[in-house]
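Participant: Contents of query.txt (compact mmCIF, C-alpha atoms and all ligand atoms) are given next:
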# COMPACT_ATOMS: atom_id res chain seq x y z
CA MET K 1 -11.43 7.46 8.02
CA LEU K 2 -10.05 4.55 6.01
CA ARG K 3 -7.74 3.67 8.89
CA ALA K 4 -10.80 3.48 11.13
CA VAL K 5 -12.54 1.23 8.60
CA ALA K 6 -9.47 -1.00 8.50
CA LYS K 7 -9.39 -1.16 12.30
CA VAL K 8 -13.09 -2.03 12.58
CA ALA K 9 -12.74 -4.71 9.90
CA HIS K 10 -9.70 -6.17 11.66
CA GLU K 11 -11.49 -6.27 15.01
CA ALA K 12 -14.50 -7.97 13.38
CA GLY K 13 -12.28 -10.50 11.60
CA ILE K 14 -13.35 -9.27 8.18
CA ARG K 15 -10.96 -8.97 5.24
CA ALA K 16 -11.49 -5.53 3.75
CA GLN K 17 -10.32 -3.86 0.60
CA LEU K 18 -9.82 -0.10 0.65
CA SER K 19 -9.70 2.27 -2.29
CA LEU K 20 -7.08 4.94 -1.61
CA GLU K 21 -7.81 6.88 -4.76
CA GLU K 22 -6.87 10.53 -4.59
CA THR K 23 -5.84 13.35 -6.89
CA PHE K 24 -2.74 12.10 -8.65
CA ALA K 25 0.16 14.26 -9.84
CA CYS K 26 1.17 12.09 -12.80
CA GLY K 27 -1.20 9.13 -12.52
CA VAL K 28 1.13 6.74 -14.37
CA GLY K 29 3.60 5.69 -11.67
CA ALA K 30 6.43 8.01 -12.67
CA CYS K 31 6.69 10.59 -9.87
CA TRP K 32 6.26 8.42 -6.71
CA GLY K 33 4.13 11.22 -5.23
CA CYS K 34 1.32 8.94 -4.09
CA VAL K 35 3.10 6.23 -2.13
CA VAL K 36 1.70 4.26 0.79
CA PRO K 37 3.56 1.71 2.94
CA LEU K 38 2.56 -1.83 1.99
CA ALA K 39 3.64 -5.22 3.33
CA ARG K 40 6.65 -6.49 1.41
CA GLU K 41 5.00 -9.90 1.01
CA SER K 42 1.93 -8.38 -0.69
CA ALA K 43 1.19 -9.56 -4.21
CA GLN K 44 0.82 -5.87 -5.10
CA ALA K 45 4.25 -4.90 -3.75
CA PRO K 46 6.30 -3.08 -6.40
CA TYR K 47 9.55 -4.59 -7.62
CA PHE K 48 11.13 -1.14 -7.85
CA PRO K 49 13.02 0.34 -6.12
CA PRO K 50 14.81 -2.81 -4.97
CA ALA K 51 15.74 -3.25 -1.33
CA ALA K 52 19.07 -1.70 -0.39
CA PRO K 53 21.81 -4.03 0.91
CA GLY K 54 21.17 -4.78 4.58
CA GLU K 55 17.71 -3.27 4.50
CA THR K 56 15.40 -4.86 7.06
CA ARG K 57 12.12 -3.01 6.49
CA ASP K 58 9.10 -5.30 6.27
CA TYR K 59 7.31 -2.88 3.97
CA VAL K 60 7.73 -1.27 0.58
CA GLN K 61 6.40 1.97 -0.81
CA ALA K 62 3.58 1.18 -3.22
CA ARG K 63 2.23 3.75 -5.64
CA ILE K 64 -1.50 4.17 -5.24
CA CYS K 65 -1.91 5.11 -8.91
CA LYS K 66 0.11 2.15 -10.20
CA GLU K 67 -0.12 -0.76 -7.75
CA GLY K 68 -3.56 0.31 -6.45
CA PRO K 69 -5.75 2.14 -5.93
CA VAL K 70 -7.42 -0.79 -4.10
CA PHE K 71 -5.38 -2.55 -1.40
CA TRP K 72 -6.13 -5.18 1.20
CA ALA K 73 -6.51 -3.38 4.52
CA HIS K 74 -4.40 -5.94 6.39
CA GLU K 75 -1.46 -5.36 4.01
CA LEU K 76 -1.29 -1.59 4.55
CA ARG K 77 1.39 -0.52 7.06
CA TRP K 78 0.14 2.85 8.19
S1 LIG K 101 0.82 10.11 -9.02
FE1 LIG K 101 2.81 9.91 -9.81
S2 LIG K 101 3.39 7.94 -9.14
FE2 LIG K 101 1.34 8.09 -8.51
Can you dump the structure from the file as C-alpha cells?
Ligand code: FES

Facilitator:
Amino acid sequence: MLRAVAKVAHEAGIRAQLSLEETFACGVGACWGCVVPLARESAQAPYFPPAAPGETRDYVQARICKEGPVFWAHELRW
C-alpha cells in the first residue's frame, strides 16, 4: 500500500514522507533485520556498511528502526 501511496504522490508531484514502522527484532539497529533500499545520496543513508571496492549500486540498505522509520518516498528504491 505504501508503494501505491508513493506512486500516487509522485504522479501528483507531491513530496511524501512514509512511515515504514513495523515489528522490529532488536529495534536498536544491531541485527539489520529491517532494511529497506534507500538512495545513496539520501541524508538518512547509513555510513555502515561502507561500499565495497568497485561497488556501483546507487542505493544503500537503511535500517527502518535506526535511520527511519520515516523516509522520503522519492528516496526509497523499492
Ligand atoms: S530491527 Fe534490528 S536493525 Fe532494525

Participant: Set the distance at 10 Å and use all atoms listed in the file: which residues neighbour K:Ala62 once local chain neighbours fewer than 5 positions away are removed? I'd like the list as a ChimeraX atom specification.

Facilitator: /K:29,32,34-40,44-49,67-69,71,76

Participant: For atom CA of K:Ala43 and atom CA of K:Trp72, quote the distance in Å rounded to one decimal.

Facilitator: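 Between these atoms lies a distance of 10.1 Å.
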
Participant: Could I get the residue neighbourhood of ligand LIG 101 (chain K) at 7 Å, counting all atoms listed in the file, as a list in words?

Facilitator: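 Listing the residues within 7 Å of ligand LIG 101 (chain K) gives Phe24, Ala25, Cys26, Gly27, Val28, Gly29, Ala30, Cys31, Trp32, Gly33, Cys34, Val35, Arg63, Ile64, Cys65 and Lys66 of chain K.
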
Participant: Next, dump the selected residues to file, keeping only C-alpha atoms, as a short mmCIF file (atom, residue, chain, number, x, y, z; two decimals), in the frame of the given file.

Facilitator:
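Result file is again28.cif:
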data_model
loop_
_atom_site.label_atom_id
_atom_site.label_comp_id
_atom_site.auth_asym_id
_atom_site.auth_seq_id
_atom_site.Cartn_x
_atom_site.Cartn_y
_atom_site.Cartn_z
CA PHE K 24 -2.74 12.10 -8.65
CA ALA K 25 0.16 14.26 -9.84
CA CYS K 26 1.17 12.09 -12.80
CA GLY K 27 -1.20 9.13 -12.52
CA VAL K 28 1.13 6.74 -14.37
CA GLY K 29 3.60 5.69 -11.67
CA ALA K 30 6.43 8.01 -12.67
CA CYS K 31 6.69 10.59 -9.87
CA TRP K 32 6.26 8.42 -6.71
CA GLY K 33 4.13 11.22 -5.23
CA CYS K 34 1.32 8.94 -4.09
CA VAL K 35 3.10 6.23 -2.13
CA ARG K 63 2.23 3.75 -5.64
CA ILE K 64 -1.50 4.17 -5.24
CA CYS K 65 -1.91 5.11 -8.91
CA LYS K 66 0.11 2.15 -10.20
#

Participant: Hey, can you check how far atom CA of K:Glu21 sits from atom CA of K:Asp58?

Facilitator: 23.6 Å

Participant: Find the distance between atom CA of K:Ala4 and atom CA of K:Val70 and write it in Å to one decimal.

Facilitator: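 Atom-to-atom, atom CA of K:Ala4 to atom CA of K:Val70, that is 16.2 Å.
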
Participant: For a cutoff of 8 Å around the file-coordinate point (-10.4, 1.0, 1.7), which residues qualify once you count all atoms listed in the file? I'd like the result as a ChimeraX atom specification.

Facilitator: /K:2,5-6,16-20,70-73

Participant: Store the residues picked out above in a file with C-alpha atoms, as a short mmCIF file (atom, residue, chain, number, x, y, z; two decimals), in the frame of the given file.

Facilitator:
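Output saved as result-v4.cif:
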data_model
loop_
_atom_site.label_atom_id
_atom_site.label_comp_id
_atom_site.auth_asym_id
_atom_site.auth_seq_id
_atom_site.Cartn_x
_atom_site.Cartn_y
_atom_site.Cartn_z
CA LEU K 2 -10.05 4.55 6.01
CA VAL K 5 -12.54 1.23 8.60
CA ALA K 6 -9.47 -1.00 8.50
CA ALA K 16 -11.49 -5.53 3.75
CA GLN K 17 -10.32 -3.86 0.60
CA LEU K 18 -9.82 -0.10 0.65
CA SER K 19 -9.70 2.27 -2.29
CA LEU K 20 -7.08 4.94 -1.61
CA VAL K 70 -7.42 -0.79 -4.10
CA PHE K 71 -5.38 -2.55 -1.40
CA TRP K 72 -6.13 -5.18 1.20
CA ALA K 73 -6.51 -3.38 4.52
#
